[in-house]
$ cat final.pdb   # PDB, C-alpha atoms
ATOM      1  CA  MET J   1      -6.326  26.380 -75.889
ATOM      2  CA  LYS J   2      -3.054  27.779 -74.513
ATOM      3  CA  THR J   3      -4.978  30.047 -72.092
ATOM      4  CA  ASN J   4      -6.999  27.080 -70.815
ATOM      5  CA  ARG J   5      -3.826  25.092 -70.130
ATOM      6  CA  ILE J   6      -2.288  27.997 -68.199
ATOM      7  CA  GLN J   7      -5.455  28.390 -66.128
ATOM      8  CA  PHE J   8      -5.507  24.634 -65.423
ATOM      9  CA  PHE J   9      -1.841  24.700 -64.397
ATOM     10  CA  LEU J  10      -2.379  27.671 -62.076
ATOM     11  CA  CYS J  11      -5.383  25.969 -60.472
ATOM     12  CA  LEU J  12      -3.330  22.809 -59.928
ATOM     13  CA  LEU J  13      -0.502  24.752 -58.275
ATOM     14  CA  SER J  14      -2.988  26.568 -56.030
ATOM     15  CA  GLY J  15      -4.530  23.273 -54.946
ATOM     16  CA  ILE J  16      -1.136  21.801 -54.085
ATOM     17  CA  PHE J  17      -0.151  24.943 -52.171
ATOM     18  CA  PHE J  18      -3.254  25.005 -49.988
ATOM     19  CA  THR J  19      -3.039  21.241 -49.402
ATOM     20  CA  LEU J  20       0.545  21.587 -48.147
ATOM     21  CA  LEU J  21      -0.366  24.625 -46.047
ATOM     22  CA  PHE J  22      -3.279  22.802 -44.419
ATOM     23  CA  SER J  23      -1.123  19.718 -43.768
ATOM     24  CA  SER J  24       1.619  21.849 -42.258
ATOM     25  CA  CYS J  25      -0.800  23.586 -39.905
ATOM     26  CA  ASN J  26      -2.301  20.306 -38.788
ATOM     27  CA  GLY J  27       1.092  18.680 -38.400
ATOM     28  CA  ASN J  28       2.224  21.462 -36.083
ATOM     29  CA  ARG J  29      -0.815  21.388 -33.806
ATOM     30  CA  THR J  30       0.024  20.338 -30.277
ATOM     31  CA  ASP J  31      -1.860  19.235 -27.225
ATOM     32  CA  SER J  32      -1.426  22.124 -24.783
ATOM     33  CA  ASN J  33      -1.380  19.649 -21.895
ATOM     34  CA  THR J  34       1.351  17.373 -23.216
ATOM     35  CA  ASP J  35       3.330  19.430 -25.770
ATOM     36  CA  GLN J  36       3.081  16.409 -28.076
ATOM     37  CA  PRO J  37       1.928  16.684 -31.728
ATOM     38  CA  LEU J  38      -1.645  15.734 -32.470
ATOM     39  CA  LEU J  39      -1.198  13.452 -35.458
ATOM     40  CA  GLY J  40      -4.474  11.581 -35.698
ATOM     41  CA  LYS J  41      -4.093   8.357 -33.699
ATOM     42  CA  TYR J  42      -0.335   9.009 -33.364
ATOM     43  CA  LYS J  43       0.388   6.652 -36.269
ATOM     44  CA  ILE J  44       3.762   8.348 -36.690
ATOM     45  CA  TYR J  45       5.061   6.298 -33.720
ATOM     46  CA  LYS J  46       5.858   2.715 -34.658
ATOM     47  CA  GLY J  47       8.005  -0.032 -33.222
ATOM     48  CA  ASP J  48       8.413  -2.310 -30.215
ATOM     49  CA  PHE J  49       9.720  -1.813 -26.706
ATOM     50  CA  ARG J  50       9.581  -3.624 -23.354
ATOM     51  CA  VAL J  51       8.548  -2.356 -19.935
ATOM     52  CA  THR J  52       9.024  -4.033 -16.563
ATOM     53  CA  ILE J  53       6.908  -2.643 -13.704
ATOM     54  CA  ASP J  54       7.175  -3.207  -9.956
ATOM     55  CA  ARG J  55       4.411  -5.653  -9.061
ATOM     56  CA  SER J  56       3.315  -3.474  -6.150
ATOM     57  CA  LEU J  57       2.346  -0.718  -8.618
ATOM     58  CA  GLU J  58       0.219  -2.971 -10.823
ATOM     59  CA  PRO J  59      -3.278  -1.586  -9.981
ATOM     60  CA  ILE J  60      -2.377   1.972 -11.024
ATOM     61  CA  LEU J  61       0.103   1.257 -13.814
ATOM     62  CA  LYS J  62      -2.404  -1.009 -15.544
ATOM     63  CA  GLN J  63      -4.529   2.091 -16.061
ATOM     64  CA  GLU J  64      -1.558   4.056 -17.420
ATOM     65  CA  VAL J  65      -0.624   1.234 -19.811
ATOM     66  CA  GLU J  66      -4.197   0.891 -21.064
ATOM     67  CA  ILE J  67      -4.498   4.599 -21.951
ATOM     68  CA  PHE J  68      -1.018   4.704 -23.522
ATOM     69  CA  ARG J  69      -1.862   1.734 -25.730
ATOM     70  CA  PHE J  70      -5.127   3.358 -26.772
ATOM     71  CA  ILE J  71      -3.438   6.619 -27.787
ATOM     72  CA  TYR J  72      -0.364   5.071 -29.415
ATOM     73  CA  ASP J  73      -2.092   2.071 -30.962
ATOM     74  CA  SER J  74       0.580   1.616 -33.640
ATOM     75  CA  VAL J  75       3.244   0.968 -30.963
ATOM     76  CA  ASN J  76       3.775  -2.533 -29.594
ATOM     77  CA  MET J  77       4.607  -2.381 -25.878
ATOM     78  CA  THR J  78       5.337  -5.608 -23.989
ATOM     79  CA  VAL J  79       4.621  -5.265 -20.246
ATOM     80  CA  GLU J  80       5.818  -7.487 -17.392
ATOM     81  CA  TYR J  81       5.189  -7.108 -13.646
ATOM     82  CA  ALA J  82       8.029  -8.325 -11.403
ATOM     83  CA  ASN J  83       9.764  -7.845  -8.063
ATOM     84  CA  GLU J  84      12.747  -5.527  -7.609
ATOM     85  CA  ALA J  85      15.470  -8.144  -8.036
ATOM     86  CA  GLU J  86      13.932  -9.483 -11.262
ATOM     87  CA  MET J  87      13.529  -5.962 -12.618
ATOM     88  CA  LEU J  88      17.156  -4.987 -12.089
ATOM     89  CA  ASN J  89      18.410  -8.258 -13.561
ATOM     90  CA  ASN J  90      16.264  -7.746 -16.654
ATOM     91  CA  PHE J  91      17.601  -4.215 -17.054
ATOM     92  CA  ARG J  92      21.216  -5.260 -16.544
ATOM     93  CA  GLU J  93      20.887  -8.073 -19.084
ATOM     94  CA  ARG J  94      19.080  -5.705 -21.493
ATOM     95  CA  ASN J  95      15.951  -7.842 -21.498
ATOM     96  CA  THR J  96      13.818  -4.766 -20.864
ATOM     97  CA  ASP J  97      13.930  -1.163 -22.031
ATOM     98  CA  VAL J  98      12.042   0.662 -19.276
ATOM     99  CA  LEU J  99      11.717   0.053 -15.542
ATOM    100  CA  VAL J 100       8.924   1.573 -13.480
ATOM    101  CA  MET J 101      10.155   1.211  -9.899
ATOM    102  CA  ALA J 102       8.673   2.039  -6.497
ATOM    103  CA  ARG J 103      11.916   3.814  -5.578
ATOM    104  CA  GLU J 104      14.950   5.435  -7.134
ATOM    105  CA  LEU J 105      18.162   3.588  -7.920
ATOM    106  CA  THR J 106      20.764   3.798  -5.183
ATOM    107  CA  PRO J 107      24.169   5.375  -5.999
ATOM    108  CA  ALA J 108      25.737   1.911  -5.599
ATOM    109  CA  GLU J 109      23.329   0.406  -8.138
ATOM    110  CA  LYS J 110      24.094   3.158 -10.649
ATOM    111  CA  GLU J 111      27.827   2.636 -10.263
ATOM    112  CA  SER J 112      27.416  -1.136 -10.552
ATOM    113  CA  LEU J 113      25.555  -0.737 -13.844
ATOM    114  CA  LYS J 114      28.272   1.549 -15.210
ATOM    115  CA  GLU J 115      31.246  -0.485 -14.031
ATOM    116  CA  GLN J 116      30.034  -4.022 -14.758
ATOM    117  CA  ASP J 117      27.779  -3.512 -17.747
ATOM    118  CA  THR J 118      28.666  -0.021 -19.071
ATOM    119  CA  ILE J 119      24.998   0.949 -18.667
ATOM    120  CA  TYR J 120      24.222   4.588 -17.993
ATOM    121  CA  ALA J 121      20.762   4.865 -16.474
ATOM    122  CA  ARG J 122      18.386   7.714 -17.173
ATOM    123  CA  GLU J 123      15.946   8.271 -14.303
ATOM    124  CA  MET J 124      12.799  10.349 -13.931
ATOM    125  CA  LYS J 125      10.382  10.682 -11.028
ATOM    126  CA  VAL J 126       6.799  10.391 -12.224
ATOM    127  CA  ALA J 127       4.706  10.059  -9.031
ATOM    128  CA  TYR J 128       4.650   9.441  -5.294
ATOM    129  CA  ASP J 129       3.100   6.373  -3.634
ATOM    130  CA  ALA J 130       3.409   5.083  -0.056
ATOM    131  CA  VAL J 131       3.487   1.933   2.020
ATOM    132  CA  ALA J 132       0.162   1.799   3.860
ATOM    133  CA  LEU J 133      -0.211   0.292   7.313
ATOM    134  CA  VAL J 134      -3.488  -1.623   7.547
ATOM    135  CA  GLY J 135      -5.198  -3.412  10.402
ATOM    136  CA  ASN J 136      -8.363  -4.932  11.705
ATOM    137  CA  ASN J 137     -11.215  -2.452  12.163
ATOM    138  CA  ASN J 138     -10.786  -2.885  15.936
ATOM    139  CA  PHE J 139      -7.017  -2.263  15.959
ATOM    140  CA  GLN J 140      -6.037   0.537  18.348
ATOM    141  CA  ASP J 141      -3.483   2.795  16.613
ATOM    142  CA  ALA J 142      -3.574   5.866  18.894
ATOM    143  CA  ASN J 143       0.040   5.357  20.058
ATOM    144  CA  LEU J 144       1.500   3.900  16.867
ATOM    145  CA  SER J 145       4.651   5.650  15.605
ATOM    146  CA  VAL J 146       7.760   4.922  13.539
ATOM    147  CA  ALA J 147       9.741   4.531  16.776
ATOM    148  CA  LEU J 148       7.263   1.957  18.061
ATOM    149  CA  LEU J 149       7.369   0.092  14.735
ATOM    150  CA  LYS J 150      11.146  -0.030  15.074
ATOM    151  CA  ASP J 151      10.740  -1.627  18.501
ATOM    152  CA  TYR J 152       8.275  -4.171  17.088
ATOM    153  CA  PHE J 153      10.829  -5.169  14.417
ATOM    154  CA  ASN J 154      13.711  -5.422  16.868
ATOM    155  CA  PRO J 155      14.992  -9.040  17.019
ATOM    156  CA  ALA J 156      15.271  -8.579  20.792
ATOM    157  CA  ASN J 157      11.645  -7.468  20.993
ATOM    158  CA  LYS J 158      10.074  -8.530  24.287
ATOM    159  CA  ILE J 159       7.027  -6.243  24.141
ATOM    160  CA  THR J 160       3.982  -7.965  25.610
ATOM    161  CA  ASP J 161       1.245  -8.533  23.043
ATOM    162  CA  SER J 162       3.424  -7.230  20.234
ATOM    163  CA  PRO J 163       1.382  -7.386  16.986
ATOM    164  CA  LYS J 164       2.387  -9.572  14.075
ATOM    165  CA  MET J 165       3.899  -7.615  11.162
ATOM    166  CA  VAL J 166       2.779  -9.016   7.812
ATOM    167  CA  PHE J 167       4.082  -8.325   4.268
ATOM    168  CA  ASP J 168       2.820  -9.410   0.846
ATOM    169  CA  ASN J 169       5.945 -11.491   0.037
ATOM    170  CA  GLN J 170       9.586 -11.672   1.070
ATOM    171  CA  HIS J 171      10.822 -10.175  -2.229
ATOM    172  CA  SER J 172       8.364  -7.282  -2.189
ATOM    173  CA  SER J 173       9.609  -3.728  -2.606
ATOM    174  CA  CYS J 174       7.543  -2.916   0.501
ATOM    175  CA  VAL J 175       9.818  -5.178   2.573
ATOM    176  CA  ASN J 176      12.994  -3.470   1.336
ATOM    177  CA  PHE J 177      11.537  -0.009   1.834
ATOM    178  CA  VAL J 178      10.349  -0.606   5.423
ATOM    179  CA  MET J 179      13.552  -2.415   6.442
ATOM    180  CA  GLN J 180      15.684   0.489   5.205
ATOM    181  CA  LEU J 181      13.385   3.046   6.821
ATOM    182  CA  LEU J 182      13.597   1.310  10.205
ATOM    183  CA  GLY J 183      17.314   0.576   9.908
ATOM    184  CA  TYR J 184      17.229  -3.232   9.663
ATOM    185  CA  LYS J 185      19.042  -5.289   7.030
ATOM    186  CA  GLU J 186      18.486  -8.967   7.726
ATOM    187  CA  LYS J 187      17.618 -10.157  11.222
ATOM    188  CA  VAL J 188      14.297  -8.946  12.626
ATOM    189  CA  SER J 189      11.726 -10.051  15.195
ATOM    190  CA  SER J 190      10.121 -13.467  14.845
ATOM    191  CA  ASN J 191       6.814 -11.583  14.720
ATOM    192  CA  VAL J 192       7.573 -10.414  11.161
ATOM    193  CA  TYR J 193       6.005 -12.608   8.451
ATOM    194  CA  ALA J 194       5.825 -12.705   4.668
ATOM    195  CA  LEU J 195       2.758 -14.134   2.948
ATOM    196  CA  LYS J 196       2.252 -14.632  -0.793
ATOM    197  CA  SER J 197       0.175 -11.644  -1.938
ATOM    198  CA  VAL J 198      -1.432  -8.364  -0.942
ATOM    199  CA  GLU J 199      -4.799 -10.118  -0.885
ATOM    200  CA  GLU J 200      -3.492 -12.588   1.730
ATOM    201  CA  VAL J 201      -2.282  -9.699   3.913
ATOM    202  CA  ILE J 202      -5.703  -8.060   3.714
ATOM    203  CA  ASP J 203      -7.440 -11.333   4.613
ATOM    204  CA  TYR J 204      -5.050 -11.923   7.516
ATOM    205  CA  VAL J 205      -5.440  -8.524   9.193
ATOM    206  CA  ALA J 206      -9.194  -8.583   8.616
ATOM    207  CA  GLN J 207      -9.382 -11.789  10.654
ATOM    208  CA  ASN J 208      -6.749 -10.959  13.299
ATOM    209  CA  ALA J 209      -7.176  -8.031  15.642
ATOM    210  CA  ASN J 210      -3.498  -7.939  16.667
ATOM    211  CA  ALA J 211      -1.723  -7.646  13.317
ATOM    212  CA  ILE J 212      -0.306  -4.852  11.150
ATOM    213  CA  GLY J 213      -0.149  -5.310   7.390
ATOM    214  CA  PHE J 214       2.264  -3.442   5.120
ATOM    215  CA  ILE J 215       0.906  -3.046   1.587
ATOM    216  CA  PRO J 216       1.266  -0.611  -1.330
ATOM    217  CA  TYR J 217      -1.060   2.351  -0.911
ATOM    218  CA  SER J 218      -1.873   2.085  -4.631
ATOM    219  CA  TYR J 219      -3.981  -0.989  -3.800
ATOM    220  CA  LEU J 220      -6.233   1.236  -1.676
ATOM    221  CA  SER J 221      -5.969   4.651  -3.297
ATOM    222  CA  ASP J 222      -8.572   4.638  -6.084
ATOM    223  CA  LEU J 223     -11.773   5.247  -4.147
ATOM    224  CA  ASP J 224     -13.903   4.999  -7.300
ATOM    225  CA  GLU J 225     -13.085   1.295  -7.690
ATOM    226  CA  GLU J 226     -15.566  -1.174  -6.231
ATOM    227  CA  ARG J 227     -12.657  -3.468  -5.331
ATOM    228  CA  VAL J 228     -11.095  -0.741  -3.188
ATOM    229  CA  GLN J 229     -14.417   0.159  -1.583
ATOM    230  CA  ALA J 230     -14.938  -3.492  -0.587
ATOM    231  CA  ILE J 231     -11.428  -3.742   0.918
ATOM    232  CA  ARG J 232     -11.827  -0.545   2.943
ATOM    233  CA  LYS J 233     -14.969  -1.929   4.557
ATOM    234  CA  ARG J 234     -13.047  -4.975   5.821
ATOM    235  CA  ILE J 235      -9.955  -3.205   7.200
ATOM    236  CA  LYS J 236      -8.773   0.256   8.150
ATOM    237  CA  ILE J 237      -5.717   2.283   7.240
ATOM    238  CA  LEU J 238      -3.711   2.789  10.429
ATOM    239  CA  SER J 239      -2.388   6.172  11.530
ATOM    240  CA  LEU J 240       1.054   7.090  12.819
ATOM    241  CA  ARG J 241       1.870   9.691  15.440
ATOM    242  CA  VAL J 242       4.423  12.202  14.076
ATOM    243  CA  GLN J 243       5.771  15.640  14.882
ATOM    244  CA  ASN J 244       4.920  18.345  12.349
ATOM    245  CA  SER J 245       7.183  21.191  11.276
ATOM    246  CA  GLU J 246       6.099  23.194  14.331
ATOM    247  CA  GLY J 247       7.064  20.395  16.710
ATOM    248  CA  LYS J 248       3.481  19.490  17.521
ATOM    249  CA  GLU J 249       2.236  15.907  17.439
ATOM    250  CA  GLU J 250      -0.355  14.928  14.876
ATOM    251  CA  MET J 251      -1.788  11.733  13.394
ATOM    252  CA  VAL J 252      -1.143  10.971   9.726
ATOM    253  CA  ASN J 253      -1.740   7.985   7.477
ATOM    254  CA  ALA J 254      -1.466   6.848   3.884
ATOM    255  CA  ASN J 255      -3.753   9.230   2.015
ATOM    256  CA  GLN J 256      -3.401  11.643  -0.864
ATOM    257  CA  SER J 257      -3.313  14.738   1.350
ATOM    258  CA  ASP J 258      -0.607  13.485   3.737
ATOM    259  CA  ILE J 259       1.472  12.216   0.826
ATOM    260  CA  ALA J 260       1.198  15.583  -0.930
ATOM    261  CA  SER J 261       2.211  17.463   2.229
ATOM    262  CA  GLY J 262       5.091  15.057   2.917
ATOM    263  CA  THR J 263       3.977  14.464   6.514
ATOM    264  CA  TYR J 264       3.424  10.718   6.148
ATOM    265  CA  PRO J 265       6.746   8.929   6.929
ATOM    266  CA  LEU J 266       6.347   5.990   4.514
ATOM    267  CA  ILE J 267       6.213   7.897   1.208
ATOM    268  CA  ARG J 268       8.054   6.301  -1.717
ATOM    269  CA  THR J 269       8.933   7.539  -5.189
ATOM    270  CA  VAL J 270       7.597   6.050  -8.424
ATOM    271  CA  SER J 271      10.568   6.346 -10.745
ATOM    272  CA  THR J 272      11.262   5.328 -14.357
ATOM    273  CA  VAL J 273      14.657   4.029 -15.471
ATOM    274  CA  THR J 274      15.805   3.760 -19.093
ATOM    275  CA  HIS J 275      19.131   3.196 -20.822
ATOM    276  CA  PHE J 276      20.693   6.573 -21.603
ATOM    277  CA  THR J 277      20.637   7.520 -25.269
ATOM    278  CA  TYR J 278      20.828  10.793 -27.176
ATOM    279  CA  ASN J 279      17.561  10.018 -28.956
ATOM    280  CA  ASP J 280      14.005  10.481 -27.703
ATOM    281  CA  ASN J 281      12.862   6.977 -28.620
ATOM    282  CA  LEU J 282       9.728   4.953 -27.804
ATOM    283  CA  GLU J 283      10.984   4.337 -24.280
ATOM    284  CA  TRP J 284      11.143   8.060 -23.670
ATOM    285  CA  LEU J 285       7.717   8.467 -25.272
ATOM    286  CA  PHE J 286       6.239   6.239 -22.553
ATOM    287  CA  VAL J 287       8.198   7.941 -19.756
ATOM    288  CA  ASN J 288       7.099  11.347 -21.017
ATOM    289  CA  PHE J 289       3.491  10.140 -21.141
ATOM    290  CA  LEU J 290       3.646   9.136 -17.455
ATOM    291  CA  TYR J 291       5.228  12.475 -16.506
ATOM    292  CA  GLN J 292       3.121  14.833 -18.603
ATOM    293  CA  ALA J 293      -0.523  15.828 -18.211
ATOM    294  CA  LYS J 294      -2.312  12.674 -19.391
ATOM    295  CA  GLY J 295      -0.328  10.297 -17.190
ATOM    296  CA  ALA J 296      -0.296  12.760 -14.291
ATOM    297  CA  ARG J 297      -4.088  12.998 -14.326
ATOM    298  CA  ILE J 298      -4.373   9.209 -14.150
ATOM    299  CA  PHE J 299      -2.080   9.157 -11.093
ATOM    300  CA  LEU J 300      -4.049  11.998  -9.513
ATOM    301  CA  LYS J 301      -7.448  10.435 -10.163
ATOM    302  CA  ALA J 302      -6.202   7.113  -8.756
ATOM    303  CA  GLY J 303      -5.200   8.741  -5.472
ATOM    304  CA  LEU J 304      -1.432   9.133  -5.927
ATOM    305  CA  ILE J 305       0.541  12.358  -6.306
ATOM    306  CA  PRO J 306       2.079  13.025  -9.741
ATOM    307  CA  ALA J 307       5.605  14.432  -9.780
ATOM    308  CA  LYS J 308       4.369  17.200 -12.072
ATOM    309  CA  MET J 309       0.901  18.506 -11.274
ATOM    310  CA  PRO J 310      -1.224  18.958 -14.420
ATOM    311  CA  GLU J 311      -2.275  22.518 -15.091
ATOM    312  CA  ARG J 312      -5.917  23.469 -14.780
ATOM    313  CA  GLU J 313      -7.513  26.132 -16.943
ATOM    314  CA  ILE J 314     -10.178  28.226 -15.233
ATOM    315  CA  ASN J 315     -12.382  30.385 -17.442
ATOM    316  CA  VAL J 316     -13.657  33.485 -15.655
ATOM    317  CA  ASN J 317     -16.543  35.494 -17.041
ATOM    318  CA  THR J 318     -15.248  39.060 -17.458
ATOM    319  CA  GLU J 319     -18.591  40.550 -18.373
ATOM    320  CA  SER J 320     -19.926  43.081 -15.900
ATOM    321  CA  LEU J 321     -22.854  42.001 -13.757
ATOM    322  CA  GLY J 322     -25.789  44.181 -14.544
ATOM    323  CA  ALA J 323     -28.274  45.036 -11.785
ATOM    324  CA  LYS J 324     -31.431  43.002 -11.987
ATOM    325  CA  ASN J 325     -34.674  44.910 -12.277
TER     326      ASN J 325
END

$ encode --input "final.pdb" --output "structure tokens"
Amino acid sequence: MKTNRIQFFLCLLSGIFFTLLFSSCNGNRTDSNTDQPLLGKYKIYKGDFRVTIDRSLEPILKQEVEIFRFIYDSVNMTVEYANEAEMLNNFRERNTDVLVMARELTPAEKESLKEQDTIYAREMKVAYDAVALVGNNNFQDANLSVALLKDYFNPANKITDSPKMVFDNQHSSCVNFVMQLLGYKEKVSSNVYALKSVEEVIDYVAQNANAIGFIPYSYLSDLDEERVQAIRKRIKILSLRVQNSEGKEEMVNANQSDIASGTYPLIRTVSTVTHFTYNDNLEWLFVNFLYQAKGARIFLKAGLIPAKMPEREINVNTESLGAKN
């Protein structure tokens, strides 16, 4: 009887040991693309956090949010799409935990957060987008350049047949970006207009041969989407004449290749902003997701350029090729 008890006890200890060993091995497995632990459906992550995203990035970020929610289905993430001013106010008043902006914070904005609200911002670039110039399919863009755009925006503009410049709305991040790029703050030509949405800009330029629309490239970048295919049939992406690194003139436009090479002048940064902490919390989990392989591949597939290119594994057959008889 005593021998049977000892054998039973030894069997029990062995079972516990191998169970713990197996659990430990599984718990330490990682996804080679993300360096994050593979813990089933990531049930280890729980809690709530809030994200505010620039409205101009909505088409692409919706895809990122959908995949994040699928992977981390035990996390409750509240998402809001807003303009730049609303985003910064939400962050300052601590009504949101993460910003996904179409630009980086300016030094003045960082100092303002620290001085007025004792907020230290933590920023990370996750991708690169652009402001696309779009026009009627008959629009002639052979001579279009940044210098000519600056002349079109000039409040003293007296260019004959100057095209109308049209934005999605007056609070759009596209407006701020283009104004800063061209060196204007407030007063511009009376030929500059703000509508109510990207869709209205597309409709306007499709129906008017002498108009230039300024819209987020992310609305046109995912060529697999039927919505994008339909838009591209109605309008065209306009090109700009630029000088390359060798001093030669070339035509570039908003596309993945010219964004990647940096030759397109209207490239903008997709940047995340969080409150600085010493802990890697849920906010940082989402930021890391956007930056690492899974999020980067979504950006890449959708036509943008991720800040960190995902690695690709190529398997090469090392077996010798025998001569065929």

$ closest_residue --input "final.pdb" --among "J:Ala142, J:Val252, J:Val198, J:Ile71" --to "Phe214 of chain J" --atoms "only C-alpha atoms"
J:Val198

$ resolve_selection --input "final.pdb" --expression "the PyMOL selection byres ((chain J and resi 241) around 12)" --output "mmCIF file with C-alpha atoms, in the coordinates of the input"
data_model
loop_
_atom_site.group_PDB
_atom_site.id
_atom_site.type_symbol
_atom_site.label_atom_id
_atom_site.label_comp_id
_atom_site.auth_asym_id
_atom_site.auth_seq_id
_atom_site.Cartn_x
_atom_site.Cartn_y
_atom_site.Cartn_z
ATOM 1 C CA ASP J 141 -3.483 2.795 16.613
ATOM 2 C CA ALA J 142 -3.574 5.866 18.894
ATOM 3 C CA ASN J 143 0.040 5.357 20.058
ATOM 4 C CA LEU J 144 1.500 3.900 16.867
ATOM 5 C CA SER J 145 4.651 5.650 15.605
ATOM 6 C CA VAL J 146 7.760 4.922 13.539
ATOM 7 C CA ALA J 147 9.741 4.531 16.776
ATOM 8 C CA LEU J 148 7.263 1.957 18.061
ATOM 9 C CA LEU J 149 7.369 0.092 14.735
ATOM 10 C CA LEU J 238 -3.711 2.789 10.429
ATOM 11 C CA SER J 239 -2.388 6.172 11.530
ATOM 12 C CA LEU J 240 1.054 7.090 12.819
ATOM 13 C CA VAL J 242 4.423 12.202 14.076
ATOM 14 C CA GLN J 243 5.771 15.640 14.882
ATOM 15 C CA ASN J 244 4.920 18.345 12.349
ATOM 16 C CA GLY J 247 7.064 20.395 16.710
ATOM 17 C CA LYS J 248 3.481 19.490 17.521
ATOM 18 C CA GLU J 249 2.236 15.907 17.439
ATOM 19 C CA GLU J 250 -0.355 14.928 14.876
ATOM 20 C CA MET J 251 -1.788 11.733 13.394
ATOM 21 C CA VAL J 252 -1.143 10.971 9.726
ATOM 22 C CA ASN J 253 -1.740 7.985 7.477
ATOM 23 C CA THR J 263 3.977 14.464 6.514
ATOM 24 C CA TYR J 264 3.424 10.718 6.148
ATOM 25 C CA PRO J 265 6.746 8.929 6.929
#

$ atom_distance --input "final.pdb" --atom1 "atom CA of Cys174 of chain J" --atom2 "atom CA of Phe286 of chain J"
24.8 Å

$ resolve_selection --input "final.pdb" --expression "the PyMOL selection byres ((chain J and resi 127) around 12)" --output "PyMOL selection string"
chain J and resi 57+60-61+100-104+124-126+128-130+218+256+259-260+267-272+287+290-292+295-300+302-310

$ resolve_selection --input "final.pdb" --expression "the PyMOL selection byres ((chain J and resi 158-167) around 8)" --output "MDAnalysis selection string"
chainID J and resid 152 156:157 168:170 172 174:175 191:195 198 201 210:215

$ closest_residue --input "final.pdb" --among "J:Glu80, J:Asp258, J:Ile237, J:Asp222" --to "Gln63 of chain J" --atoms "only C-alpha atoms"
J:Asp222

$ atom_distance --input "final.pdb" --atom1 "atom CA of His171 of chain J" --atom2 "atom CA of Val134 of chain J"
19.3 Å

$ atom_distance --input "final.pdb" --atom1 "atom CA of Ala132 of chain J" --atom2 "atom CA of Glu186 of chain J"
21.6 Å

$ closest_residue --input "final.pdb" --among "J:Ala85, J:Ser257, J:Ser245, J:Pro216" --to "Ser197 of chain J" --atoms "only C-alpha atoms"
J:Pro216

$ decode --input "final.pdb" --residues "segment 172-184 of chain J" --atoms "C-alpha atoms" --output "compact mmCIF listing (two decimals), in the first residue's frame"
# COMPACT_ATOMS: atom_id res chain seq x y z
CA SER J 172 -9.33 70.09 -42.21
CA SER J 173 -5.74 69.10 -41.51
CA CYS J 174 -5.22 69.34 -45.29
CA VAL J 175 -5.91 73.09 -45.12
CA ASN J 176 -3.35 73.65 -42.34
CA PHE J 177 -0.75 71.51 -44.07
CA VAL J 178 -1.03 73.23 -47.47
CA MET J 179 -1.16 76.74 -45.96
CA GLN J 180 2.04 76.10 -44.00
CA LEU J 181 3.73 74.50 -47.01
CA LEU J 182 2.95 77.50 -49.22
CA GLY J 183 3.72 80.05 -46.51
CA TYR J 184 0.24 81.49 -45.93
